[in-house]
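Visitor: Below: one structure in structure tokens.
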Amino acid sequence: MLGLARSQRISRSDPIGTYFYKVQGAGCRFISGNDAGMDVDFTADGREIFDLWQLRCYGQSLPEPLGLTDHDLRSAVKSLQSLLTEVRPGWFSVANAEVSA
């Protein structure tokens, strides 16, 4: 996505389905119709990754904000370890996600 935006093959911001995206820095911000926003970064091979801070910000952006502690977030990530891969310390990606070129 970053490469496409940088080469101007896609806009740096646009609606996509029920979301709006905005490419920024090393990642992208996705905003839903209810204004909940999630930031993801991209690895060199294009994999979407996120950390606990980004999850916390998402929880706080929900229509009914969640006040999540580090312990809450770490427990949630641990409970999803079959669905998530820790790609580097503190950074997670969806397990077995295909990377698009």
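In the structure tokens, each chain is lettered A, B, ... as it comes, each chain's residues begin at 1, and ligands are numbered from 1 in order of appearance.
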Tell me, as number ranges by chain, which residues lie within 7 Å of A:Phe92, counting only C-alpha atoms; anything in the same chain fewer than 2 positions away does not count.

Guide: A: 49-51, 84-87, 90, 94

Visitor: Create the file for the chosen residues now, containing all heavy atoms and written as a short mmCIF file (atom, residue, chain, number, x, y, z; two decimals), in the first residue's frame.

Guide:
data_model
loop_
_atom_site.label_atom_id
_atom_site.label_comp_id
_atom_site.auth_asym_id
_atom_site.auth_seq_id
_atom_site.Cartn_x
_atom_site.Cartn_y
_atom_site.Cartn_z
N ILE A 49 1.49 -4.53 10.44
CA ILE A 49 1.83 -4.84 11.83
C ILE A 49 1.28 -3.74 12.74
O ILE A 49 1.02 -2.63 12.31
CB ILE A 49 3.36 -4.99 12.03
CG1 ILE A 49 4.11 -3.71 11.66
CG2 ILE A 49 3.89 -6.19 11.26
CD1 ILE A 49 5.60 -3.75 11.98
N PHE A 50 1.11 -4.09 14.01
CA PHE A 50 0.61 -3.14 15.00
C PHE A 50 1.22 -3.49 16.35
O PHE A 50 1.68 -4.60 16.57
CB PHE A 50 -0.92 -3.18 15.06
CG PHE A 50 -1.46 -4.55 15.38
CD1 PHE A 50 -1.66 -4.95 16.69
CD2 PHE A 50 -1.76 -5.44 14.36
CE1 PHE A 50 -2.14 -6.22 16.98
CE2 PHE A 50 -2.25 -6.70 14.63
CZ PHE A 50 -2.44 -7.10 15.95
N ASP A 51 1.20 -2.51 17.23
CA ASP A 51 1.71 -2.74 18.58
C ASP A 51 0.60 -2.43 19.59
O ASP A 51 -0.52 -2.06 19.22
CB ASP A 51 2.98 -1.93 18.84
CG ASP A 51 2.77 -0.43 18.81
OD1 ASP A 51 1.63 0.05 18.62
OD2 ASP A 51 3.76 0.29 18.99
N LEU A 84 -2.39 -14.55 15.85
CA LEU A 84 -1.40 -13.48 15.69
C LEU A 84 0.01 -14.04 15.72
O LEU A 84 0.28 -15.05 16.35
CB LEU A 84 -1.54 -12.45 16.82
CG LEU A 84 -2.87 -11.72 16.92
CD1 LEU A 84 -2.88 -10.82 18.15
CD2 LEU A 84 -3.14 -10.91 15.66
N THR A 85 0.90 -13.36 15.04
CA THR A 85 2.32 -13.68 15.05
C THR A 85 3.07 -12.45 15.57
O THR A 85 2.79 -11.34 15.13
CB THR A 85 2.81 -13.99 13.62
OG1 THR A 85 2.10 -15.11 13.12
CG2 THR A 85 4.30 -14.27 13.58
N GLU A 86 3.97 -12.66 16.52
CA GLU A 86 4.81 -11.56 16.98
C GLU A 86 5.99 -11.47 16.03
O GLU A 86 6.88 -12.31 16.05
CB GLU A 86 5.26 -11.78 18.43
CG GLU A 86 5.91 -10.55 19.03
CD GLU A 86 6.08 -10.65 20.54
OE1 GLU A 86 5.84 -11.72 21.11
OE2 GLU A 86 6.47 -9.64 21.15
N VAL A 87 5.98 -10.47 15.17
CA VAL A 87 6.99 -10.36 14.11
C VAL A 87 8.29 -9.77 14.60
O VAL A 87 9.34 -9.97 13.99
CB VAL A 87 6.47 -9.58 12.88
CG1 VAL A 87 5.32 -10.33 12.23
CG2 VAL A 87 6.04 -8.18 13.25
N GLY A 90 7.01 -6.99 20.65
CA GLY A 90 5.95 -6.02 20.86
C GLY A 90 5.15 -5.64 19.63
O GLY A 90 4.22 -4.85 19.71
N VAL A 94 -1.31 -10.51 11.70
CA VAL A 94 -2.21 -11.64 11.58
C VAL A 94 -1.40 -12.85 11.12
O VAL A 94 -0.64 -12.75 10.15
CB VAL A 94 -3.36 -11.32 10.60
CG1 VAL A 94 -4.25 -12.53 10.38
CG2 VAL A 94 -4.16 -10.13 11.09
#

Visitor: Just want the 6 Å neighbourhood of stretch 36-38 of chain A, counted on only C-alpha atoms, with same-chain residues fewer than 5 positions away dropped. Output as a list in words.

Guide: Arg29, Phe30, Ile31, Tyr58, Ser61 and Leu62 of chain A

Visitor: Could you name the residues that touch A:Leu68 at 9 Å or less, counting only C-alpha atoms, but leaving out those on the same chain fewer than 3 positions away, as a list in words?

Guide: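 Neighbouring residues, sequence-local ones excluded: Arg56, Gly59, Gln60, His71, Asp72 and Leu73 of chain A.
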
Visitor: Atom CA of A:Glu48 to atom CA of A:Gly27: how many Å, to one decimal?

Guide: 8.2 Å

Visitor: Do you know which residues are at most 12 Å from A:Leu4 counting only C-alpha atoms, after dropping those on the same chain fewer than 4 positions away, and could you put them as a ChimeraX atom specification?

Guide: /A:8-13,23,46,100-101

Visitor: How far is it from atom CA of A:Gly33 to atom CA of A:Trp53, in Å with one decimal?

Guide: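 Spanning atom CA of A:Gly33 to atom CA of A:Trp53 is a straight-line distance of 21.9 Å.
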
Visitor: Point out the residue among A:Ala76, A:Cys57, A:Arg47, A:Met1 with the least atom-to-atom distance to A:Asn96, counting only C-alpha atoms.

Guide: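 Result for the nearest residue to A:Asn96: A:Arg47.
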
Visitor: Using only C-alpha atoms, pick whichever of A:Leu83, A:Gly25, A:Trp91, A:Asn34 has the shortest atom-to-atom distance to A:Gln54.

Guide: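 With only C-alpha atoms as the atom set, the closest residue is A:Trp91.
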
Visitor: Neighbours of A:Thr69 within 10 Å (only C-alpha atoms; same-chain residues fewer than 5 positions away dropped), as a list in words?

Guide: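 Here the answer would be Leu52, Arg56, Arg74 and Ser75 of chain A.
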